[in-house]
>>> print(open('upload-v1.cif').read())   # mmCIF, C-alpha atoms
data_start
loop_
_atom_site.label_atom_id
_atom_site.label_comp_id
_atom_site.auth_asym_id
_atom_site.auth_seq_id
_atom_site.Cartn_x
_atom_site.Cartn_y
_atom_site.Cartn_z
CA MET A 527 88.17 87.94 88.65
CA THR A 528 85.24 86.01 87.26
CA GLN A 529 84.54 86.46 83.59
CA ALA A 530 81.92 89.11 82.88
CA THR A 531 78.54 87.83 81.74
CA THR A 532 75.44 89.30 80.18
CA THR A 533 73.25 88.37 83.14
CA PRO A 534 70.91 91.27 83.98
CA PRO A 535 71.90 93.28 87.08
CA HIS A 536 68.67 92.51 88.90
CA SER A 537 69.48 88.77 89.12
CA ARG A 538 72.26 89.40 91.63
CA LYS A 539 71.06 86.60 93.93
CA ALA A 540 72.83 84.00 91.81
CA PRO A 541 76.35 83.22 93.11
CA ARG A 542 78.10 84.35 89.92
CA GLN A 543 76.08 87.55 89.75
CA ARG A 544 76.73 88.20 93.42
CA ARG A 545 80.47 88.08 92.81
CA ARG A 546 79.96 90.66 90.07
CA GLY A 547 78.48 92.93 92.71
CA LEU A 548 81.37 95.37 92.57
CA ARG A 549 83.71 97.66 94.25
CA ILE A 550 81.32 100.48 93.44
CA VAL A 551 79.82 99.37 96.74
CA LEU A 552 82.65 101.30 98.32
CA LEU A 553 81.28 104.51 96.85
CA VAL A 554 77.69 103.57 97.62
CA LEU A 555 78.67 102.87 101.22
CA LEU A 556 80.19 106.32 101.61
CA VAL A 557 77.10 107.86 100.00
CA LEU A 558 74.85 106.08 102.50
CA LEU A 559 76.98 107.23 105.41
CA LEU A 560 76.88 110.84 104.24
CA ALA A 561 73.14 110.69 103.60
CA ALA A 562 72.57 109.31 107.09
CA GLY A 563 74.73 112.05 108.55
CA GLY A 564 72.56 114.72 106.95
CA THR A 565 70.04 114.44 109.77
CA ALA A 566 72.67 115.25 112.38
CA TRP A 567 74.94 117.62 110.52
CA TRP A 568 76.48 119.04 113.65
CA LEU A 569 78.14 115.66 114.33
CA TYR A 570 79.99 115.89 111.01
CA SER A 571 81.33 119.43 111.21
CA ASN A 572 84.79 118.29 112.33
CA LEU A 573 85.12 115.53 109.71
CA ASN A 574 86.06 117.87 106.85
CA GLY A 575 89.67 117.85 107.93
CA ASN A 576 89.82 114.08 107.48
CA ILE A 577 89.17 114.31 103.75
CA LYS A 578 92.26 114.86 101.62
CA GLY A 579 91.96 116.65 98.27
CA VAL A 580 93.96 116.35 95.04
CA ASP A 581 93.75 119.06 92.35
CA ILE A 582 93.42 116.71 89.36
CA ASN A 583 92.41 119.42 86.89
CA LYS A 584 95.49 121.53 87.62
CA SER A 585 97.78 118.53 87.29
CA LEU A 586 96.33 117.31 83.99
CA GLY A 587 95.94 120.64 82.21
CA SER A 588 93.94 120.89 78.97
CA ASP A 589 95.27 117.90 77.04
CA ARG A 590 92.38 115.64 77.95
CA PRO A 591 89.49 113.82 76.23
CA GLU A 592 86.58 115.99 75.18
CA LYS A 593 83.60 116.19 77.51
CA LEU A 594 80.73 114.92 75.37
CA PRO A 595 77.13 116.18 75.87
CA THR A 596 75.98 112.61 76.53
CA ALA A 597 78.89 111.72 78.81
CA GLY A 598 77.05 111.99 82.14
CA GLN A 599 79.42 111.63 85.10
CA ASN A 600 82.54 109.47 85.09
CA LEU A 601 84.23 108.69 88.39
CA LEU A 602 87.53 106.89 88.97
CA VAL A 603 87.56 105.00 92.27
CA LEU A 604 90.84 103.60 93.60
CA GLY A 605 91.31 101.31 96.56
CA SER A 606 94.89 101.98 97.67
CA ASP A 607 96.59 99.30 99.72
CA SER A 608 99.42 100.49 101.96
CA ARG A 609 101.59 97.66 103.26
CA SER A 610 103.72 99.71 105.61
CA GLY A 611 103.74 99.91 109.40
CA GLU A 612 101.19 97.97 111.42
CA ASN A 613 99.11 97.40 108.32
CA GLY A 614 102.01 95.52 106.75
CA LYS A 615 101.77 92.75 109.35
CA ILE A 616 98.53 91.60 107.79
CA ALA A 617 100.09 91.54 104.35
CA GLY A 618 102.80 89.11 105.34
CA GLY A 619 105.64 91.62 105.31
CA ASP A 620 106.50 95.28 105.69
CA VAL A 621 106.55 97.03 102.29
CA SER A 622 106.96 100.76 101.83
CA GLY A 623 104.51 102.87 99.86
CA ALA A 624 101.00 102.19 98.64
CA ARG A 625 99.54 100.59 95.56
CA SER A 626 96.23 100.99 93.76
CA ASP A 627 95.01 97.44 94.24
CA THR A 628 91.47 98.29 93.16
CA ALA A 629 90.53 100.49 90.20
CA LEU A 630 87.06 101.19 88.92
CA VAL A 631 85.67 103.56 86.29
CA ILE A 632 82.04 104.33 87.11
CA HIS A 633 79.81 105.80 84.42
CA VAL A 634 76.54 107.39 85.57
CA PRO A 635 74.33 108.66 82.71
CA GLU A 636 72.94 112.16 83.13
CA GLY A 637 69.61 112.23 84.95
CA ARG A 638 69.27 108.47 85.25
CA SER A 639 69.33 105.96 88.09
CA ARG A 640 71.64 103.30 86.71
CA ALA A 641 75.38 102.96 86.37
CA THR A 642 78.04 100.95 84.61
CA ALA A 643 81.27 100.15 86.44
CA VAL A 644 84.40 98.90 84.72
CA SER A 645 87.07 97.19 86.83
CA ILE A 646 90.67 97.51 85.63
CA PRO A 647 92.84 94.60 86.86
CA ARG A 648 95.91 95.83 88.73
CA ASP A 649 98.27 93.58 86.72
CA THR A 650 97.21 95.03 83.37
CA LEU A 651 100.16 96.22 81.26
CA VAL A 652 99.51 99.77 80.03
CA THR A 653 101.29 102.69 78.41
CA ARG A 654 101.93 105.31 81.08
CA PRO A 655 101.84 108.83 79.60
CA GLU A 656 104.29 111.56 80.50
CA CYS A 657 103.16 112.92 83.86
CA ALA A 658 104.06 115.70 86.28
CA LYS A 659 104.95 114.72 89.84
CA SER A 660 103.87 116.68 92.90
CA ASP A 661 107.33 118.26 93.19
CA GLY A 662 107.06 119.75 89.69
CA SER A 663 109.37 117.29 87.97
CA SER A 664 108.12 115.14 85.10
CA VAL A 665 108.19 111.40 84.48
CA PRO A 666 108.58 110.29 80.86
CA SER A 667 106.12 108.04 79.11
CA ALA A 668 106.76 104.30 79.42
CA ASN A 669 105.34 101.22 77.72
CA ARG A 670 104.33 97.93 79.33
CA VAL A 671 104.14 99.11 82.93
CA MET A 672 101.79 97.51 85.45
CA PHE A 673 98.69 99.61 85.96
CA ASN A 674 98.96 99.64 89.75
CA SER A 675 102.59 100.82 89.59
CA VAL A 676 101.48 104.18 88.14
CA TYR A 677 100.02 105.21 91.49
CA SER A 678 103.07 104.27 93.56
CA GLN A 679 105.60 105.72 91.10
CA VAL A 680 103.92 108.97 90.05
CA GLY A 681 100.70 109.56 91.99
CA PRO A 682 96.92 109.73 91.56
CA ALA A 683 96.82 112.42 88.86
CA CYS A 684 98.92 110.21 86.60
CA VAL A 685 96.52 107.31 87.20
CA VAL A 686 93.68 109.52 85.98
CA LYS A 687 95.74 110.54 82.95
CA THR A 688 96.60 106.91 82.20
CA VAL A 689 92.94 105.88 82.36
CA GLU A 690 91.90 108.78 80.14
CA GLN A 691 94.58 107.89 77.59
CA MET A 692 93.67 104.20 77.44
CA SER A 693 89.90 104.77 77.37
CA HIS A 694 89.46 108.25 75.83
CA VAL A 695 86.84 108.73 78.57
CA ARG A 696 86.88 112.09 80.39
CA ILE A 697 87.13 111.48 84.16
CA ASP A 698 85.07 114.04 86.08
CA HIS A 699 85.89 112.99 89.64
CA TYR A 700 88.42 110.97 91.59
CA MET A 701 87.93 109.07 94.83
CA GLU A 702 90.47 106.98 96.72
CA VAL A 703 89.96 104.88 99.83
CA ASP A 704 92.82 103.26 101.72
CA PHE A 705 92.15 99.56 102.30
CA ALA A 706 93.35 100.07 105.87
CA GLY A 707 90.14 102.03 106.36
CA PHE A 708 88.24 98.78 106.05
CA LYS A 709 89.59 97.57 109.38
CA GLY A 710 88.25 100.48 111.42
CA LEU A 711 85.05 100.59 109.39
CA VAL A 712 84.26 96.89 109.85
CA ASP A 713 85.03 97.03 113.56
CA ALA A 714 82.87 100.17 113.90
CA ILE A 715 79.80 98.38 112.53
CA GLY A 716 80.44 95.25 114.60
CA GLY A 717 81.81 92.94 111.91
CA VAL A 718 80.59 91.67 108.54
CA THR A 719 79.14 88.22 107.81
CA VAL A 720 80.32 86.70 104.54
CA ASP A 721 79.48 83.37 102.93
CA VAL A 722 82.97 81.95 102.37
CA PRO A 723 82.79 80.01 99.07
CA GLN A 724 85.41 77.40 100.03
CA ASP A 725 87.94 76.60 102.74
CA ILE A 726 90.68 79.23 102.63
CA HIS A 727 94.16 78.56 104.00
CA ASP A 728 96.56 81.35 103.10
CA GLY A 729 100.00 80.85 104.60
CA ALA A 730 101.14 84.30 103.43
CA SER A 731 98.53 86.24 105.40
CA GLY A 732 97.65 83.65 108.02
CA LEU A 733 93.99 83.65 106.99
CA ASN A 734 92.20 80.39 107.77
CA LEU A 735 88.45 80.19 107.15
CA LYS A 736 86.03 77.32 106.75
CA ALA A 737 83.49 77.36 103.93
CA GLY A 738 80.12 78.79 104.89
CA PRO A 739 78.85 81.89 106.72
CA GLN A 740 81.57 83.54 108.82
CA LYS A 741 81.47 86.81 110.73
CA LEU A 742 84.73 88.66 110.12
CA ASN A 743 86.25 91.39 112.24
CA GLY A 744 88.35 94.21 110.79
CA THR A 745 91.64 92.33 110.67
CA GLN A 746 90.07 89.22 109.14
CA SER A 747 88.28 91.38 106.57
CA LEU A 748 91.58 92.88 105.40
CA GLU A 749 93.05 89.41 105.11
CA PHE A 750 89.98 88.22 103.20
CA VAL A 751 90.06 90.96 100.55
CA ARG A 752 93.83 90.59 100.13
CA THR A 753 94.15 86.82 99.91
CA ARG A 754 95.43 85.53 96.60
CA HIS A 755 97.21 82.31 97.53
CA GLY A 756 94.20 80.91 99.35
CA ILE A 757 91.78 80.81 96.41
CA GLY A 758 91.60 80.54 92.62
CA ASP A 759 94.79 80.48 90.57
CA GLY A 760 96.73 82.72 92.94
CA SER A 761 96.46 85.75 90.66
CA ASP A 762 94.88 89.15 91.19
CA LEU A 763 92.04 88.08 88.89
CA GLY A 764 91.25 85.24 91.27
CA ARG A 765 90.82 87.40 94.37
CA ILE A 766 88.74 90.15 92.76
CA GLY A 767 85.62 88.01 93.20
CA LEU A 768 86.26 87.87 96.96
CA GLN A 769 86.71 91.63 97.13
CA GLN A 770 83.44 92.21 95.34
CA GLN A 771 81.61 89.71 97.53
CA PHE A 772 82.96 91.30 100.70
CA LEU A 773 82.01 94.81 99.67
CA LEU A 774 78.45 93.70 98.89
CA ASP A 775 78.22 92.06 102.30
CA LEU A 776 79.65 95.20 103.90
CA LEU A 777 76.99 97.38 102.27
CA SER A 778 74.29 94.90 103.24
CA GLU A 779 75.45 95.06 106.86
CA VAL A 780 75.36 98.86 106.87
CA GLN A 781 71.89 98.88 105.31
CA LYS A 782 70.58 96.52 108.02
CA GLN A 783 71.69 98.87 110.76
CA ASP A 784 69.40 101.76 111.64
CA MET A 785 72.10 104.43 111.74
CA LEU A 786 69.56 107.26 111.79
CA SER A 787 68.56 106.16 115.28
CA SER A 788 72.17 106.22 116.51
CA PRO A 789 74.00 109.44 115.57
CA THR A 790 76.94 108.43 117.77
CA LYS A 791 77.47 105.18 115.92
CA THR A 792 76.93 106.88 112.57
CA TYR A 793 79.59 109.43 113.50
CA LYS A 794 82.02 106.66 114.45
CA ILE A 795 81.48 104.89 111.14
CA ALA A 796 81.73 108.11 109.13
CA ARG A 797 84.93 109.04 110.95
CA SER A 798 86.48 105.70 109.96
CA ALA A 799 85.41 106.23 106.35
CA THR A 800 86.56 109.83 105.95
CA LYS A 801 89.94 109.27 107.62
CA SER A 802 90.90 107.00 104.71
CA LEU A 803 89.31 109.11 101.97
CA THR A 804 91.01 111.19 99.26
CA THR A 805 89.03 112.92 96.51
CA ASP A 806 89.59 115.45 93.75
CA SER A 807 89.49 119.00 95.05
CA ASP A 808 85.95 119.53 93.72
CA LEU A 809 84.65 116.88 96.16
CA ALA A 810 86.97 117.46 99.10
CA SER A 811 84.40 118.55 101.68
CA LEU A 812 81.38 117.01 103.35
CA THR A 813 79.09 119.57 101.69
CA LYS A 814 80.36 118.75 98.21
CA LEU A 815 80.31 115.02 98.88
CA ALA A 816 76.75 115.27 100.16
CA GLU A 817 75.71 117.13 97.00
CA PHE A 818 77.36 114.47 94.88
CA ALA A 819 75.68 111.77 96.98
CA ARG A 820 72.27 113.29 96.30
CA SER A 821 72.98 113.26 92.57
CA MET A 822 73.74 109.54 92.91
CA LYS A 823 70.77 108.68 95.14
CA GLY A 824 69.06 106.54 92.49
CA VAL A 825 72.14 104.38 91.96
CA ASN A 826 72.45 101.17 93.95
CA PRO A 827 73.86 97.68 93.35
CA ASP A 828 70.57 96.51 91.84
CA THR A 829 70.72 99.15 89.11
CA MET A 830 74.39 98.75 88.22
CA GLU A 831 76.11 96.68 85.62
CA THR A 832 79.60 95.56 86.59
CA ILE A 833 82.11 94.67 83.92
CA MET A 834 85.77 93.74 84.07
CA LEU A 835 87.94 95.33 81.41
CA PRO A 836 88.37 92.45 78.95
CA VAL A 837 91.96 91.23 79.28
CA ALA A 838 94.10 88.45 77.84
CA TYR A 839 97.23 86.88 79.29
CA ASP A 840 100.33 88.64 78.00
CA LYS A 841 102.26 86.54 75.47
CA VAL A 842 105.65 87.60 76.87
CA ASP A 843 104.82 87.44 80.58
CA PRO A 844 101.87 85.14 81.39
CA ASN A 845 101.77 86.62 84.91
CA ARG A 846 100.51 89.88 83.38
CA VAL A 847 97.47 90.74 81.30
CA VAL A 848 96.81 93.17 78.46
CA ALA A 849 93.60 94.75 77.21
CA ALA A 850 91.86 92.30 74.87
CA GLU A 851 90.88 93.67 71.49
CA PRO A 852 88.48 94.48 69.96
CA GLN A 853 86.48 94.01 73.18
CA ALA A 854 88.21 96.79 75.15
CA THR A 855 87.73 99.34 72.36
CA GLN A 856 84.04 98.42 72.08
CA LEU A 857 83.59 98.74 75.84
CA TRP A 858 85.16 102.17 76.15
CA LYS A 859 83.27 103.47 73.13
CA ALA A 860 79.99 102.43 74.76
CA ILE A 861 80.97 104.27 77.95
CA ARG A 862 81.96 107.43 76.04
CA THR A 863 78.76 107.54 74.02
CA ASP A 864 76.43 106.39 76.83
CA SER A 865 75.42 103.35 74.79
CA GLU A 866 74.55 99.83 75.87
CA VAL A 867 77.70 97.75 76.24
CA PRO A 868 77.57 94.93 73.66
CA ALA A 869 77.74 91.39 75.01
CA SER A 870 80.92 90.77 73.04
CA ALA A 871 82.69 93.54 74.96
CA LYS A 872 82.03 91.82 78.29
CA LYS A 873 83.90 88.62 77.48
CA SER A 874 87.39 88.41 78.94
CA PRO A 875 89.78 85.73 77.64
CA ALA A 876 91.65 85.81 80.98
CA HIS A 877 89.93 84.84 84.22
CA GLY A 878 90.79 83.95 87.77
CA GLY A 879 90.61 80.18 87.62
#
>>> encode(input="upload-v1.cif", output="structure tokens")
Amino acid sequence: MTQATTTPPHSRKAPRQRRRGLRIVLLVLLVLLLAAGGTAWWLYSNLNGNIKGVDINKSLGSDRPEKLPTAGQNLLVLGSDSRSGENGKIAGGDVSGARSDTALVIHVPEGRSRATAVSIPRDTLVTRPECAKSDGSSVPSANRVMFNSVYSQVGPACVVKTVEQMSHVRIDHYMEVDFAGFKGLVDAIGGVTVDVPQDIHDGASGLNLKAGPQKLNGTQSLEFVRTRHGIGDGSDLGRIGLQQQFLLDLLSEVQKQDMLSSPTKTYKIARSATKSLTTDSDLASLTKLAEFARSMKGVNPDTMETIMLPVAYDKVDPNRVVAAEPQATQLWKAIRTDSEVPASAKKSPAHGG
């Protein structure tokens, strides 16, 4: 991932700022789809069953960070990447289970139209707290585990608990989108044009793209957001910039299409989105999602600040990263207290090369 800068959000046209554009776009995209569907509600009545719900509050209990009066709304967004079945062919091999390849804490101040989004690199070593599994058994606390392994080993509630423990930020809502949903979504809107920053030749996924504007179909889009060997230093930090760029281009493509004039197409797109969507139980219906969307209507990529959790390469295992201090502590404190994030807290010693 590119190193965070202090460039104002509104200057997103610059290449570096564009890459900072953020996975929050995933949430914004869903919000736009739901808002568009509001004019033809009858088309959406059978989509409720597509949305899966997780009772986060029941799983976490009362041992959680305090909800501060100035906290606003804090949302954890995960992009889970299943590599099994047909989807595994794109990944270069069939792998069981799913992993949280994208993680984002979104802070929306109360009654305002801006947001701050903090990306947590998947290879960050964290302390996993003791967590309850869905079958009622418990998993003991463990040190130095990869952040994305928490999801595959214990489940989404434990990811929320891990984030709350490391940040001391109370998470109000949870949203998860399977990366496989991108394929159907991109194909439903007719493809997405991206400006490929350099020639990409990834032998692992089979992705081969020339530098410059390229219109990608669903399969190519999955390969694009997954590629690590084809760009940067081959690490997760290197490909995060591509993921952010793609999601911005995806939102731009949706915005260019007049979905209000085509309820049938809007329904097709919304169906692709909701089939891959899991939320906390408080959001697990179209009505609740629409209400949440209206509360977020003033938030868009131009009014968001995107920051990567400052990380440094681990001294024991250079293929992993750890939260960089004191930057990480300063960042989370600013989120908790709804304060401006200091420039020093946006500087990450590790970057994608």
>>> residues_around(input="upload-v1.cif", residues="A:Phe772", least_positions_apart="3", cutoff="8 Å", atoms="only C-alpha atoms", output="PyMOL selection string")
chain A and resi 720+747+751+768-769+775-776
>>> residues_around(input="upload-v1.cif", residues="stretch 736-745 of chain A", least_positions_apart="6", cutoff="7 Å", atoms="all atoms listed in the file", output="short mmCIF file (atom, residue, chain, number, x, y, z; two decimals) with C-alpha atoms, in the coordinates of the input")
data_model
loop_
_atom_site.label_atom_id
_atom_site.label_comp_id
_atom_site.auth_asym_id
_atom_site.auth_seq_id
_atom_site.Cartn_x
_atom_site.Cartn_y
_atom_site.Cartn_z
CA PHE A 708 88.24 98.78 106.05
CA LYS A 709 89.59 97.57 109.38
CA GLY A 710 88.25 100.48 111.42
CA VAL A 712 84.26 96.89 109.85
CA ASP A 713 85.03 97.03 113.56
CA GLY A 717 81.81 92.94 111.91
CA VAL A 718 80.59 91.67 108.54
CA THR A 719 79.14 88.22 107.81
CA VAL A 720 80.32 86.70 104.54
CA ASP A 721 79.48 83.37 102.93
CA VAL A 722 82.97 81.95 102.37
CA PRO A 723 82.79 80.01 99.07
CA GLN A 724 85.41 77.40 100.03
CA ASP A 725 87.94 76.60 102.74
CA ILE A 726 90.68 79.23 102.63
#
>>> residues_around(input="upload-v1.cif", residues="stretch 700-703 of chain A", least_positions_apart="4", cutoff="7 Å", atoms="only C-alpha atoms", output="VMD selection string")
chain A and resid 601 to 606 802 to 806
>>> write_last_selection(input="upload-v1.cif", atoms="C-alpha atoms", output="tab-separated table (two decimals), in the coordinates of the input")
chain	number	residue	atom	x	y	z
A	601	LEU	CA	84.23	108.69	88.39
A	602	LEU	CA	87.53	106.89	88.97
A	603	VAL	CA	87.56	105.00	92.27
A	604	LEU	CA	90.84	103.60	93.60
A	605	GLY	CA	91.31	101.31	96.56
A	606	SER	CA	94.89	101.98	97.67
A	802	SER	CA	90.90	107.00	104.71
A	803	LEU	CA	89.31	109.11	101.97
A	804	THR	CA	91.01	111.19	99.26
A	805	THR	CA	89.03	112.92	96.51
A	806	ASP	CA	89.59	115.45	93.75
>>> closest_residue(input="upload-v1.cif", among="A:Gln746, A:Thr753, A:Asn583, A:Thr642", to="A:Ser865", atoms="all atoms listed in the file")
A:Thr642
>>> closest_residue(input="upload-v1.cif", among="A:Pro875, A:Gly575, A:Gly681, A:Pro635", to="A:Gln853", atoms="all atoms listed in the file")
A:Pro875
>>> closest_residue(input="upload-v1.cif", among="A:Asp698, A:Glu866, A:Asp728, A:Asp649", to="A:Ser807", atoms="only C-alpha atoms")
A:Asp698
>>> residues_around(input="upload-v1.cif", residues="A:Val867", least_positions_apart="4", cutoff="8 Å", atoms="all atoms listed in the file", output="ChimeraX atom specification")
/A:856-857,860-861,871-872
>>> atom_distance(input="upload-v1.cif", atom1="atom CA of A:Val689", atom2="atom CA of A:Ile646")
9.3 Å
>>> residues_near_point(input="upload-v1.cif", point="(95.6, 116.3, 92.5)", cutoff="7 Å", atoms="all atoms listed in the file", output="list of chain:residue names")
A:Gly579, A:Val580, A:Asp581, A:Ile582, A:Ser585, A:Pro682, A:Ala683, A:Asp806
>>> closest_residue(input="upload-v1.cif", among="A:Thr790, A:Glu779, A:His633, A:Ala796", to="A:Gly598", atoms="all atoms listed in the file")
A:His633
>>> resolve_selection(input="upload-v1.cif", expression="the PyMOL selection byres ((chain A and resi 839) around 9)", output="PyMOL selection string")
chain A and resi 837-838+840-850+875-876
